[in-house]
Every structure is written in structure tokens, then in C-alpha cells.
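Novice: One file is attached below, input-v3.txt, containing compact mmCIF, C-alpha atoms.
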```
# COMPACT_ATOMS: atom_id res chain seq x y z
CA MET A 1 -45.06 50.87 -13.70
CA TYR A 2 -45.17 48.68 -16.81
CA ASP A 3 -43.13 45.50 -16.62
CA PHE A 4 -39.79 45.09 -18.40
CA ASN A 5 -37.06 42.54 -18.83
CA TYR A 6 -34.27 42.99 -16.32
CA HIS A 7 -30.61 42.25 -17.03
CA ARG A 8 -27.63 42.63 -14.77
CA ALA A 9 -24.57 43.59 -16.81
CA GLU A 10 -21.32 41.87 -15.91
CA SER A 11 -19.02 44.32 -17.64
CA VAL A 12 -19.23 47.55 -19.61
CA ALA A 13 -18.96 45.59 -22.88
CA ASP A 14 -21.73 43.29 -21.69
CA ALA A 15 -23.93 46.29 -20.85
CA ALA A 16 -23.36 47.80 -24.30
CA GLU A 17 -24.20 44.48 -25.97
CA LYS A 18 -27.34 43.99 -23.92
CA ILE A 19 -28.60 47.50 -24.52
CA LYS A 20 -27.94 47.13 -28.25
CA ALA A 21 -29.82 43.84 -28.38
CA ALA A 22 -32.86 45.22 -26.55
CA GLU A 23 -35.83 46.54 -28.47
CA ASP A 24 -36.05 49.71 -26.39
CA GLY A 25 -33.53 49.33 -23.59
CA LYS A 26 -32.50 51.67 -20.84
CA LEU A 27 -29.43 51.57 -18.64
CA VAL A 28 -30.11 51.87 -14.91
CA ALA A 29 -27.41 53.18 -12.56
CA GLY A 30 -28.74 54.23 -9.13
CA GLY A 31 -32.28 54.48 -10.44
CA MET A 32 -33.09 57.57 -8.37
CA THR A 33 -34.66 59.31 -11.36
CA LEU A 34 -35.39 56.36 -13.62
CA ILE A 35 -37.48 54.32 -11.18
CA PRO A 36 -39.79 57.25 -10.28
CA THR A 37 -40.04 57.98 -14.02
CA LEU A 38 -41.11 54.39 -14.71
CA LYS A 39 -43.65 54.57 -11.89
CA GLN A 40 -45.22 57.62 -13.47
CA ARG A 41 -45.21 55.82 -16.83
CA LEU A 42 -43.25 58.67 -18.34
CA ALA A 43 -40.99 55.95 -19.75
CA SER A 44 -41.74 52.32 -20.49
CA PRO A 45 -38.58 50.62 -21.75
CA SER A 46 -38.72 47.01 -22.90
CA ASP A 47 -35.52 46.16 -21.03
CA LEU A 48 -33.49 47.53 -18.13
CA VAL A 49 -29.77 46.85 -18.05
CA ASP A 50 -28.45 47.30 -14.52
CA LEU A 51 -24.87 48.57 -14.17
CA SER A 52 -24.64 48.01 -10.41
CA GLY A 53 -22.84 44.69 -10.79
CA VAL A 54 -20.01 46.19 -12.84
CA GLY A 55 -17.56 46.64 -10.00
CA ASP A 56 -14.85 48.62 -11.76
CA LEU A 57 -17.26 51.47 -12.56
CA ALA A 58 -17.31 52.72 -8.97
CA GLY A 59 -14.37 54.44 -7.36
CA ILE A 60 -12.39 57.64 -7.08
CA SER A 61 -8.76 58.22 -7.94
CA VAL A 62 -6.49 61.24 -7.97
CA ASP A 63 -3.55 61.42 -10.34
CA GLY A 64 -1.59 64.65 -10.23
CA ASN A 65 -4.04 67.35 -11.13
CA THR A 66 -6.89 65.11 -12.20
CA VAL A 67 -9.69 63.59 -10.14
CA THR A 68 -11.33 60.63 -11.85
CA ILE A 69 -14.71 59.52 -10.57
CA GLY A 70 -16.14 56.23 -11.82
CA ALA A 71 -19.61 56.50 -13.35
CA MET A 72 -21.25 54.31 -10.69
CA THR A 73 -19.76 56.25 -7.77
CA THR A 74 -22.58 57.44 -5.53
CA HIS A 75 -23.08 61.05 -4.47
CA GLY A 76 -22.54 59.87 -0.90
CA ALA A 77 -19.15 58.41 -1.79
CA VAL A 78 -18.06 61.60 -3.59
CA ALA A 79 -19.23 63.73 -0.66
CA ALA A 80 -17.35 61.57 1.86
CA SER A 81 -14.16 61.15 -0.18
CA ASP A 82 -11.12 62.69 1.47
CA ASP A 83 -9.44 62.78 -1.95
CA VAL A 84 -12.24 64.85 -3.48
CA LYS A 85 -12.55 67.04 -0.40
CA GLN A 86 -8.86 67.85 -0.64
CA ALA A 87 -8.54 68.22 -4.41
CA ILE A 88 -11.85 69.88 -5.34
CA PRO A 89 -13.79 70.68 -2.14
CA ALA A 90 -16.53 72.42 -4.14
CA LEU A 91 -17.29 69.16 -5.93
CA ALA A 92 -17.59 67.21 -2.65
CA ALA A 93 -19.88 69.92 -1.30
CA LEU A 94 -22.01 69.77 -4.45
CA ALA A 95 -22.44 66.00 -4.06
CA ASP A 96 -23.28 66.42 -0.38
CA ASN A 97 -26.21 68.68 -1.23
CA ILE A 98 -27.93 66.48 -3.80
CA GLY A 99 -31.35 65.19 -2.70
CA ASP A 100 -31.29 63.53 0.73
CA ALA A 101 -29.05 60.98 2.43
CA GLN A 102 -30.91 57.94 1.08
CA VAL A 103 -30.86 59.31 -2.47
CA ARG A 104 -27.14 60.04 -2.11
CA HIS A 105 -26.57 56.42 -1.10
CA ARG A 106 -27.97 55.18 -4.42
CA GLY A 107 -27.72 57.99 -6.96
CA THR A 108 -24.59 58.09 -9.12
CA ILE A 109 -22.62 60.69 -11.04
CA GLY A 110 -22.96 58.73 -14.29
CA GLY A 111 -26.71 58.42 -13.91
CA SER A 112 -27.07 62.08 -13.09
CA ILE A 113 -25.17 63.39 -16.09
CA ALA A 114 -26.70 60.83 -18.48
CA ASN A 115 -30.13 62.09 -17.45
CA ASN A 116 -29.06 65.75 -17.80
CA ASP A 117 -31.97 67.08 -15.78
CA PRO A 118 -32.02 70.85 -16.34
CA ALA A 119 -32.10 71.32 -12.55
CA ALA A 120 -29.45 68.74 -11.63
CA ASP A 121 -26.27 69.84 -9.86
CA TYR A 122 -23.51 67.81 -11.53
CA PRO A 123 -23.89 69.33 -15.04
CA ALA A 124 -22.90 72.74 -13.62
CA GLY A 125 -19.86 71.22 -11.89
CA CYS A 126 -18.79 69.37 -15.05
CA ILE A 127 -19.07 72.46 -17.27
CA ALA A 128 -17.44 74.90 -14.84
CA LEU A 129 -14.53 72.61 -13.99
CA GLY A 130 -14.00 71.64 -17.63
CA ALA A 131 -14.58 67.94 -17.03
CA THR A 132 -14.08 65.19 -19.56
CA ILE A 133 -16.76 62.53 -19.88
CA VAL A 134 -15.27 59.11 -20.59
CA THR A 135 -17.43 56.46 -22.26
CA ASN A 136 -16.81 52.96 -23.55
CA THR A 137 -16.10 54.38 -27.01
CA ARG A 138 -14.69 57.90 -26.63
CA GLU A 139 -13.91 60.91 -24.48
CA LEU A 140 -15.78 64.15 -24.84
CA SER A 141 -15.75 67.52 -23.18
CA ALA A 142 -18.62 68.36 -20.84
CA GLU A 143 -19.66 71.09 -23.26
CA ASP A 144 -20.00 68.63 -26.13
CA PHE A 145 -21.70 66.12 -23.84
CA PHE A 146 -24.62 68.20 -22.52
CA VAL A 147 -26.81 68.93 -25.53
CA GLY A 148 -30.14 70.17 -24.17
CA MET A 149 -32.88 69.52 -21.65
CA PHE A 150 -32.63 65.79 -20.75
CA GLU A 151 -30.45 65.40 -23.83
CA THR A 152 -26.81 64.34 -24.12
CA ALA A 153 -24.45 63.37 -26.93
CA LEU A 154 -24.59 59.72 -25.81
CA GLU A 155 -25.39 57.08 -28.45
CA GLU A 156 -28.02 54.47 -27.60
CA ASP A 157 -25.49 51.80 -26.72
CA GLU A 158 -22.86 54.09 -25.24
CA VAL A 159 -21.98 53.68 -21.56
CA ILE A 160 -20.38 56.38 -19.41
CA THR A 161 -17.47 54.87 -17.53
CA ALA A 162 -15.97 57.85 -15.68
CA VAL A 163 -15.78 61.61 -15.36
CA ARG A 164 -12.38 63.30 -15.17
CA PHE A 165 -12.14 66.63 -13.38
CA PRO A 166 -9.05 68.84 -13.61
CA VAL A 167 -8.25 70.35 -10.21
CA ALA A 168 -9.31 74.01 -10.13
CA LYS A 169 -7.30 76.84 -8.58
CA ARG A 170 -10.45 77.79 -6.69
CA ALA A 171 -14.09 76.92 -7.06
CA ALA A 172 -17.45 77.03 -5.30
CA TYR A 173 -21.01 76.01 -6.02
CA MET A 174 -24.00 77.84 -4.62
CA LYS A 175 -27.50 76.61 -5.08
CA PHE A 176 -30.88 77.99 -4.23
CA PRO A 177 -32.70 74.71 -3.71
CA ASN A 178 -36.34 74.12 -4.32
CA PRO A 179 -37.44 73.62 -0.71
CA ALA A 180 -39.39 70.45 -1.51
CA SER A 181 -37.25 68.59 -4.04
CA ARG A 182 -33.79 70.05 -3.28
CA TYR A 183 -33.25 70.34 -7.02
CA ALA A 184 -31.65 73.63 -8.01
CA LEU A 185 -34.09 76.43 -8.64
CA VAL A 186 -30.83 78.07 -9.65
CA GLY A 187 -27.34 76.73 -9.04
CA VAL A 188 -24.14 78.49 -10.06
CA PHE A 189 -20.74 76.82 -10.15
CA VAL A 190 -17.79 79.21 -10.43
CA ALA A 191 -14.29 77.91 -11.03
CA GLU A 192 -10.92 79.42 -11.78
CA THR A 193 -9.27 76.76 -13.92
CA ASP A 194 -6.04 76.60 -15.89
CA GLY A 195 -8.16 77.52 -18.90
CA GLY A 196 -9.58 80.63 -17.24
CA VAL A 197 -12.60 81.50 -15.12
CA ARG A 198 -15.78 79.56 -15.87
CA VAL A 199 -19.29 80.23 -14.63
CA ALA A 200 -21.94 77.53 -15.20
CA VAL A 201 -25.62 77.85 -14.36
CA THR A 202 -28.07 75.01 -13.76
CA GLY A 203 -31.77 75.04 -12.89
CA ALA A 204 -32.56 78.07 -14.99
CA GLY A 205 -31.93 77.49 -18.68
CA GLN A 206 -34.54 76.13 -21.08
CA ASP A 207 -31.81 74.06 -22.70
CA GLY A 208 -30.24 72.99 -19.42
CA VAL A 209 -26.84 74.04 -18.11
CA PHE A 210 -25.12 77.06 -19.70
CA ARG A 211 -22.13 79.36 -19.23
CA VAL A 212 -22.22 83.10 -18.61
CA ALA A 213 -19.46 84.61 -20.77
CA GLU A 214 -19.92 88.14 -19.49
CA MET A 215 -19.36 87.09 -15.87
CA GLU A 216 -16.35 84.99 -16.89
CA THR A 217 -14.71 87.99 -18.57
CA ALA A 218 -15.41 90.27 -15.62
CA LEU A 219 -14.06 87.73 -13.12
CA SER A 220 -10.92 87.09 -15.17
CA GLY A 221 -9.76 90.62 -14.43
CA ASN A 222 -11.12 90.89 -10.93
CA PHE A 223 -12.20 87.74 -9.06
CA THR A 224 -14.56 89.43 -6.60
CA ALA A 225 -18.31 89.42 -6.09
CA ASP A 226 -18.35 93.15 -6.85
CA ALA A 227 -17.04 92.51 -10.35
CA ILE A 228 -20.30 90.80 -11.38
CA GLU A 229 -22.66 92.93 -9.32
CA GLY A 230 -24.13 94.64 -12.38
CA ILE A 231 -24.20 91.61 -14.70
CA SER A 232 -27.50 89.85 -15.18
CA VAL A 233 -28.58 87.16 -17.59
CA PRO A 234 -31.53 88.12 -19.83
CA ASP A 235 -34.64 86.21 -18.79
CA ASP A 236 -35.81 85.44 -22.37
CA ASP A 237 -34.43 81.90 -22.41
CA LEU A 238 -34.95 81.05 -18.74
CA ASN A 239 -37.55 78.69 -17.33
CA THR A 240 -40.81 79.82 -15.86
CA ASP A 241 -42.76 77.25 -13.84
CA ILE A 242 -44.82 76.98 -10.65
CA HIS A 243 -41.63 77.32 -8.59
CA ALA A 244 -40.23 80.54 -10.01
CA SER A 245 -40.61 82.99 -12.88
CA ALA A 246 -37.88 83.57 -15.45
CA GLU A 247 -37.40 87.04 -14.03
CA TYR A 248 -36.81 85.66 -10.52
CA ARG A 249 -34.43 83.03 -11.82
CA ALA A 250 -32.45 85.74 -13.66
CA HIS A 251 -32.18 87.63 -10.37
CA LEU A 252 -31.07 84.49 -8.52
CA ILE A 253 -28.32 83.77 -11.04
CA THR A 254 -26.49 86.98 -10.14
CA VAL A 255 -27.08 86.45 -6.41
CA MET A 256 -25.85 82.84 -6.46
CA ALA A 257 -22.89 83.72 -8.72
CA LYS A 258 -21.78 86.44 -6.32
CA ARG A 259 -22.08 84.09 -3.35
CA ALA A 260 -20.10 81.43 -5.21
CA VAL A 261 -17.31 83.89 -6.03
CA ALA A 262 -17.20 85.03 -2.40
CA ALA A 263 -17.12 81.41 -1.18
CA ALA A 264 -14.37 80.46 -3.65
CA GLY A 265 -12.28 83.25 -2.17
CA MET B 1 -41.01 38.00 -16.86
CA SER B 2 -40.33 36.31 -13.53
CA TYR B 3 -37.04 36.33 -11.67
CA THR B 4 -35.97 34.44 -8.58
CA VAL B 5 -34.31 36.65 -6.02
CA SER B 6 -32.46 35.62 -2.88
CA MET B 7 -31.33 37.90 -0.11
CA THR B 8 -30.77 37.98 3.62
CA VAL B 9 -33.49 39.84 5.47
CA ASN B 10 -33.00 40.49 9.19
CA GLY B 11 -30.41 37.74 9.31
CA LYS B 12 -32.56 35.13 7.59
CA ALA B 13 -32.00 33.82 4.07
CA VAL B 14 -35.11 34.35 1.95
CA SER B 15 -35.99 33.97 -1.70
CA GLY B 16 -38.98 34.50 -3.95
CA ASP B 17 -40.18 34.99 -7.50
CA VAL B 18 -40.75 38.56 -8.58
CA GLU B 19 -41.42 40.56 -11.73
CA GLY B 20 -38.79 42.95 -13.03
CA ARG B 21 -40.92 45.85 -11.83
CA THR B 22 -41.48 44.51 -8.29
CA LEU B 23 -40.13 47.05 -5.82
CA LEU B 24 -38.04 45.99 -2.86
CA VAL B 25 -40.71 47.38 -0.52
CA GLN B 26 -43.36 45.25 -2.25
CA PHE B 27 -41.19 42.20 -1.87
CA LEU B 28 -40.72 42.93 1.85
CA ARG B 29 -44.38 43.70 2.55
CA GLU B 30 -46.28 41.45 0.17
CA HIS B 31 -43.99 38.44 -0.26
CA LEU B 32 -42.37 38.34 3.18
CA ARG B 33 -45.26 39.96 5.08
CA LEU B 34 -42.86 42.33 6.82
CA THR B 35 -45.35 45.18 6.95
CA GLY B 36 -43.37 47.36 9.36
CA THR B 37 -41.78 49.08 6.36
CA HIS B 38 -44.37 51.56 5.13
CA VAL B 39 -45.17 53.07 1.76
CA GLY B 40 -45.97 56.73 2.26
CA CYS B 41 -45.54 58.77 -0.89
CA ASP B 42 -44.21 56.13 -3.29
CA THR B 43 -42.26 58.94 -4.98
CA SER B 44 -38.91 58.68 -3.10
CA GLN B 45 -39.58 61.71 -0.97
CA CYS B 46 -41.10 60.75 2.40
CA GLY B 47 -38.73 58.05 3.65
CA ALA B 48 -41.39 55.89 5.34
CA CYS B 49 -40.00 52.94 3.33
CA CYS B 50 -36.44 53.44 4.57
CA VAL B 51 -34.53 50.16 5.19
CA HIS B 52 -30.86 49.26 5.34
CA VAL B 53 -29.28 47.54 2.36
CA ASN B 54 -25.79 46.25 3.11
CA GLY B 55 -25.74 48.51 6.17
CA THR B 56 -26.79 51.84 4.65
CA SER B 57 -30.21 53.46 4.52
CA ILE B 58 -32.06 53.53 1.21
CA LYS B 59 -35.63 54.07 0.09
CA SER B 60 -37.08 50.66 -0.65
CA CYS B 61 -39.81 52.15 -2.86
CA THR B 62 -37.07 53.24 -5.24
CA MET B 63 -35.10 50.03 -5.55
CA LEU B 64 -36.20 47.01 -7.54
CA ALA B 65 -36.38 43.67 -5.77
CA VAL B 66 -34.20 42.20 -8.54
CA GLN B 67 -31.56 44.84 -7.78
CA ALA B 68 -31.51 43.58 -4.20
CA ASP B 69 -30.59 40.03 -5.23
CA GLY B 70 -27.74 38.90 -2.99
CA VAL B 71 -27.82 41.83 -0.55
CA GLU B 72 -28.40 42.02 3.20
CA VAL B 73 -31.50 43.90 4.25
CA THR B 74 -32.44 45.12 7.71
CA THR B 75 -35.98 46.32 8.34
CA ILE B 76 -37.60 47.76 11.45
CA GLU B 77 -38.57 44.18 12.42
CA GLY B 78 -34.89 43.24 12.60
CA LEU B 79 -33.87 45.77 15.24
CA ALA B 80 -35.25 44.55 18.55
CA ASN B 81 -33.56 41.77 20.45
CA GLY B 82 -36.58 39.75 21.54
CA ASP B 83 -38.56 42.00 23.88
CA GLU B 84 -35.70 44.44 24.21
CA LEU B 85 -36.06 47.40 21.88
CA HIS B 86 -33.10 48.77 19.94
CA PRO B 87 -31.79 51.88 21.77
CA MET B 88 -33.10 54.10 18.96
CA GLN B 89 -36.57 52.54 19.18
CA ALA B 90 -36.53 52.96 22.96
CA ALA B 91 -35.48 56.60 22.59
CA PHE B 92 -38.41 57.31 20.26
CA ARG B 93 -40.78 55.80 22.83
CA GLU B 94 -39.27 57.62 25.78
CA ASN B 95 -39.14 61.00 24.05
CA HIS B 96 -42.56 60.80 22.47
CA GLY B 97 -40.92 60.91 19.03
CA LEU B 98 -44.08 59.89 17.26
CA GLN B 99 -47.76 60.62 17.09
CA CYS B 100 -49.57 58.59 14.44
CA GLY B 101 -46.48 56.43 13.97
CA PHE B 102 -46.68 56.02 10.21
CA CYS B 103 -43.30 57.60 9.48
CA THR B 104 -41.62 56.06 12.53
CA PRO B 105 -40.12 52.88 11.01
CA GLY B 106 -38.41 54.99 8.34
CA MET B 107 -37.35 57.59 10.90
CA VAL B 108 -35.77 54.95 13.12
CA MET B 109 -33.96 53.21 10.26
CA SER B 110 -32.70 56.53 8.93
CA ALA B 111 -31.62 57.70 12.40
CA ILE B 112 -29.62 54.54 13.05
CA ASP B 113 -27.77 55.03 9.78
CA LEU B 114 -27.00 58.63 10.73
CA VAL B 115 -25.48 57.50 14.02
CA GLN B 116 -23.46 54.83 12.21
CA GLU B 117 -21.95 57.57 10.01
CA ASN B 118 -21.79 60.25 12.68
CA PRO B 119 -21.94 58.90 16.27
CA GLU B 120 -22.45 62.29 17.86
CA PRO B 121 -24.64 64.35 15.52
CA SER B 122 -25.52 67.92 16.42
CA GLU B 123 -29.13 69.08 16.33
CA LYS B 124 -28.39 70.82 13.01
CA GLU B 125 -26.88 67.66 11.54
CA ILE B 126 -29.89 65.62 12.66
CA ARG B 127 -32.29 68.09 11.05
CA GLU B 128 -30.26 68.11 7.84
CA TRP B 129 -30.14 64.32 7.77
CA LEU B 130 -33.93 64.14 8.14
CA GLU B 131 -34.33 65.93 4.81
CA GLY B 132 -35.47 62.63 3.34
CA ASN B 133 -37.90 61.66 6.12
CA LEU B 134 -41.20 63.47 6.34
CA CYS B 135 -43.47 63.56 9.39
CA ARG B 136 -46.85 65.28 9.21
CA CYS B 137 -47.70 65.09 12.93
CA THR B 138 -44.92 65.96 15.30
CA GLY B 139 -43.29 69.08 13.93
CA TYR B 140 -40.01 67.12 14.27
CA HIS B 141 -38.92 68.53 17.64
CA ASN B 142 -39.44 65.30 19.54
CA ILE B 143 -38.01 63.26 16.69
CA VAL B 144 -34.81 65.28 16.92
CA LYS B 145 -34.78 64.84 20.71
CA SER B 146 -35.33 61.10 20.28
CA ILE B 147 -32.42 60.83 17.87
CA GLU B 148 -30.13 62.79 20.19
CA ALA B 149 -31.07 60.40 23.02
CA GLY B 150 -30.85 57.34 20.76
CA ALA B 151 -27.40 58.37 19.54
CA LYS B 152 -26.24 58.76 23.14
CA ALA B 153 -27.63 55.35 24.04
CA MET B 154 -25.99 53.76 20.99
CA ARG B 155 -22.67 55.24 22.11
CA GLY B 156 -23.21 53.39 25.36
CA GLY B 157 -24.93 56.05 27.45
```
Give the structure from this file in C-alpha cells form.

Specialist:
Amino acid sequence: MYDFNYHRAESVADAAEKIKAAEDGKLVAGGMTLIPTLKQRLASPSDLVDLSGVGDLAGISVDGNTVTIGAMTTHGAVAASDDVKQAIPALAALADNIGDAQVRHRGTIGGSIANNDPAADYPAGCIALGATIVTNTRELSAEDFFVGMFETALEEDEVITAVRFPVAKRAAYMKFPNPASRYALVGVFVAETDGGVRVAVTGAGQDGVFRVAEMETALSGNFTADAIEGISVPDDDLNTDIHASAEYRAHLITVMAKRAVAAAG
Amino acid sequence: MSYTVSMTVNGKAVSGDVEGRTLLVQFLREHLRLTGTHVGCDTSQCGACCVHVNGTSIKSCTMLAVQADGVEVTTIEGLANGDELHPMQAAFRENHGLQCGFCTPGMVMSAIDLVQENPEPSEKEIREWLEGNLCRCTGYHNIVKSIEAGAKAMRGG
């Protein structure tokens, strides 16, 4: 790992200022992806701005039909939250299946979505539930936020402060984990929201998370696993790597989607 | 650039000068000479470097020493009370929960955190929890037995 200047931000405004002032700065939340990336010298920022000292970024609140999760809330805290378990159990279950216990103690929702790993779990949850990403300057829909593989709509000095999830009528997330990394080989989040049924797929797409319109239409009329039995996603734009071929991922999408629908009941 | 960090390690106040890139595990092993915490994979997967930060288990190869400024750290060296092993350490010894022993400090630290969160874990819960701790010798069976026994001992027998 190349050396860098380290700064501990005292507030969100302070973090934005420090990142703007840095030559090539990077925000660090839990560091569960960033630190391994630095070790492999896949990134070598001049400055790291640590958000862990900004106390008001961590925490969970429920207000009516909205669950708000602070950007620095760890996966472990989301998984253990009675509020989340009650309001959106699928989201608590998703958090509980990220990485391992030690990673869940450090990794955060803000860090995960800012990284937008094409095999990360949270992007599927955000898209399917119709979440709103709140930053220090604006609010944007999850669909506008996730742009492509490891790419988001965030500006260089923009800091995610929270993610707001509307409570779904029913929802479930099913993932086929890579047995070594626990990243999603394919993960499908299905939710029936006030805005209709949404199906979001992670782990498979070359541009990261995506929705499956055909499954959404079929489920709108008949929310059963049978309704999507015959629907498969073409494998043209799916990933092929040492873990799975595009063809296998296409197959898994239908299998995981059916299981998610069955689990959502 | 150099930074001065201060933290409490195994109940003792310590401080030292580190680079931004110095990992917590390097600080523990190379600055404090607490070499019980091991570096196995150095890629956040194997859990040999597991320590407690403010009471919860984390991988010290994936936390910067500067990030640990002001925290409380417990390492494997901080568990025993003089000659008396921590119940989890004793359970690993009694149940032959190790062979080469390299992963053991991380296993023990991780297991204690599990029991703090879940005092009576089932075998399934223990195996799930050990997702982040790899052992290449034992096949895990005796580790799971050790943790079951250690959890019982921590509950007071």
C-alpha cells in the first residue's frame, strides 16, 4: 500500500471541504473494500478522509412508512435492528448475509453503495425498494444514483448522508453467494411497493444492478413463483468470469427470482 | 506523513507514531510486539488477525492504526488472567480445537464475540459465524466443539 495523508472529518461539511482540498482524495467509511484495494495498489489516493468520527451519520430511524439508515450505519447494526426487522425484514436479512461477522462490524451501507460493486447486495435492495439516496447536496433516486460498474452519480466532493427506504408491502432477497467471497454470484431482490412490483438483480450485469421489467409485469398480475417460471434474462449483457458463465448467471436469475417471490409470500 | 496514535490495548494505555498506511495489526505486532495476533491472508478473508475493538471483533489487517486512535483493543494476550486461561482458551485446549495453531488466536477472539452476542449458539450458528475464520488443519469439527464448550463455560458452566 502506498502512503497517503490521513484526515478525520469532524462533520459532513468538514469531510466535503477536506476532500475538495485534496489533490486526489478518497472518503473512507468502513474501509472493507477500500483498504484491500489500497493494499493491492488498485488505488493510490493522495489523501484519505475518514468519516468514522462523524457521529450523526450512523443510526436508524423509522418515521411512518419510511426507514432511514445513516450512511455510516454498519451492516451488523442494520441486521440487528429491531426497527428494520419489523419494517423491512428483507433488508435486515440482506445486511445479515453480507461478508462475514467481522466485515459486518465495520462495513457500512454508505460505503457499499458509493462503491457500487457489481456483485454487492445493497444496490439490489435500494433499486427494488425504490430507495432515495440522501447526500450533503441533494436527494436522488437509487436508479439515478447507480450509474454503472463501480460508478455512481456522486460528485467528487459529495458525501452520502443517509438512505431512505419506503416500507414495502412484501419483499425478499435471495442470493446465490460465491462460496469463497460471499459476494453475490447472482442476487435478486423482489419487492411489492406502493409504486408496483420491482425486481432488481445484482452480481450478474456488466453495468451492475438492473431491473427485470418482464418479471415485474408478470408479477403485477400474479405474485407467484409460477408467474415468472418461463421468463429468463438474455445472457448477452451478463458477466462471464472464472466463477460462472453468463449462461449460468442467466439461469440463476430466474431461480433466485422465483425463490425470492416464494419467500416474500 | 507520521501520526501519533493513542489507544488502550489489553487495559494498558499505549501510543506510538505511525504512517497513514500502517495497519492496526502492524501496530500491534511491530510497535507493541504483541505477536499473538497473526497475519494469515492479509486480504480480510482468513480472520487470523481478529481482535476486539471497543468490544466487537474486527479484522485488524483491514483497519488502519490511525483509525484506531482512541479505541480500546483486546488481543489474544489480553484474555488470560495470569496463569488462568480464559474459558474459551481453555475449551480450545481441552477439545483439541487446534492443530498447527496459526488460526487459533483469531478463532478464539471471534468465538468470544459470538458468545457475547449470542450466549447459547447452536452448532449451525457457530458454523455460520466462523464464515470469516479459516482453518486449514482441523476440518472445523473440534473448533465447533470447543466453542460450544467455551460458550457453556462463559455462561458459568

Novice: Within 7 Å of Asp47 of chain A, counting all atoms listed in the file, which residues qualify if same-chain residues fewer than 2 places away don't, as a PyMOL selection string?

Specialist: chain A and resi 4-6+22+24-26+45+49

Novice: Can you write out the residues you just picked, keeping C-alpha atoms, as a JSON list (two decimals), keeping the file's coordinate frame?

Specialist:
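part.json, written as the output of this step:
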```
[["chain", "number", "residue", "atom", "x", "y", "z"],
["A", 4, "PHE", "CA", -39.79, 45.09, -18.40],
["A", 5, "ASN", "CA", -37.06, 42.54, -18.83],
["A", 6, "TYR", "CA", -34.27, 42.99, -16.32],
["A", 22, "ALA", "CA", -32.86, 45.22, -26.55],
["A", 24, "ASP", "CA", -36.05, 49.71, -26.39],
["A", 25, "GLY", "CA", -33.53, 49.33, -23.59],
["A", 26, "LYS", "CA", -32.50, 51.67, -20.84],
["A", 45, "PRO", "CA", -38.58, 50.62, -21.75],
["A", 49, "VAL", "CA", -29.77, 46.85, -18.05]]
```

Novice: Hey, list the chain A side of the contact with chain B: 8 Å cut-off, only C-alpha atoms, answer as a PyMOL selection string.

Specialist: chain A and resi 1-6+31-32+35-36+50+99-103+105-106+181

Novice: List the neighbours of segment 241-258 of chain A out to 8 Å using only C-alpha atoms; skip same-chain residues closer than 6 positions along the sequence, and give me the result as a ChimeraX atom specification.

Specialist: /A:174-176,178,185-190,199,201,204,224-226,228-229,231-235

Novice: Got time to write the residues from that selection, C-alpha atoms, as a tab-separated table (two decimals), in the coordinates of the input?

Specialist:
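Final output, out.tsv:
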```
chain	number	residue	atom	x	y	z
A	174	MET	CA	-24.00	77.84	-4.62
A	175	LYS	CA	-27.50	76.61	-5.08
A	176	PHE	CA	-30.88	77.99	-4.23
A	178	ASN	CA	-36.34	74.12	-4.32
A	185	LEU	CA	-34.09	76.43	-8.64
A	186	VAL	CA	-30.83	78.07	-9.65
A	187	GLY	CA	-27.34	76.73	-9.04
A	188	VAL	CA	-24.14	78.49	-10.06
A	189	PHE	CA	-20.74	76.82	-10.15
A	190	VAL	CA	-17.79	79.21	-10.43
A	199	VAL	CA	-19.29	80.23	-14.63
A	201	VAL	CA	-25.62	77.85	-14.36
A	204	ALA	CA	-32.56	78.07	-14.99
A	224	THR	CA	-14.56	89.43	-6.60
A	225	ALA	CA	-18.31	89.42	-6.09
A	226	ASP	CA	-18.35	93.15	-6.85
A	228	ILE	CA	-20.30	90.80	-11.38
A	229	GLU	CA	-22.66	92.93	-9.32
A	231	ILE	CA	-24.20	91.61	-14.70
A	232	SER	CA	-27.50	89.85	-15.18
A	233	VAL	CA	-28.58	87.16	-17.59
A	234	PRO	CA	-31.53	88.12	-19.83
A	235	ASP	CA	-34.64	86.21	-18.79
```

Novice: With distances taken over all atoms listed in the file, which residue among A:Ser61, A:Thr135, A:Thr193, A:Thr33 lies nearest Phe150 of chain A?

Specialist: A:Thr33

Novice: Give me, please, the distance in Å between atom CA of Thr240 of chain A and atom CA of Tyr122 of chain A, quoted to one decimal.

Specialist: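 Taking atom CA of Thr240 of chain A and atom CA of Tyr122 of chain A, their separation equals 21.5 Å.
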
Novice: Could you jot down the atom CA of Gly55 of chain A to atom CA of Glu155 of chain A separation for me, Å, one decimal place?

Specialist: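 Taking atom CA of Gly55 of chain A and atom CA of Glu155 of chain A, their separation equals 22.6 Å.
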
Novice: When you look at Cys126 of chain A with a cut-off of 10 Å (counting all atoms listed in the file), what residues show up, excluding the ones that are within fewer than 6 positions of it in the same chain? I need them as number ranges by chain.

Specialist: A: 91, 113, 132-133, 141-143, 145-146, 163-166, 189, 200, 209
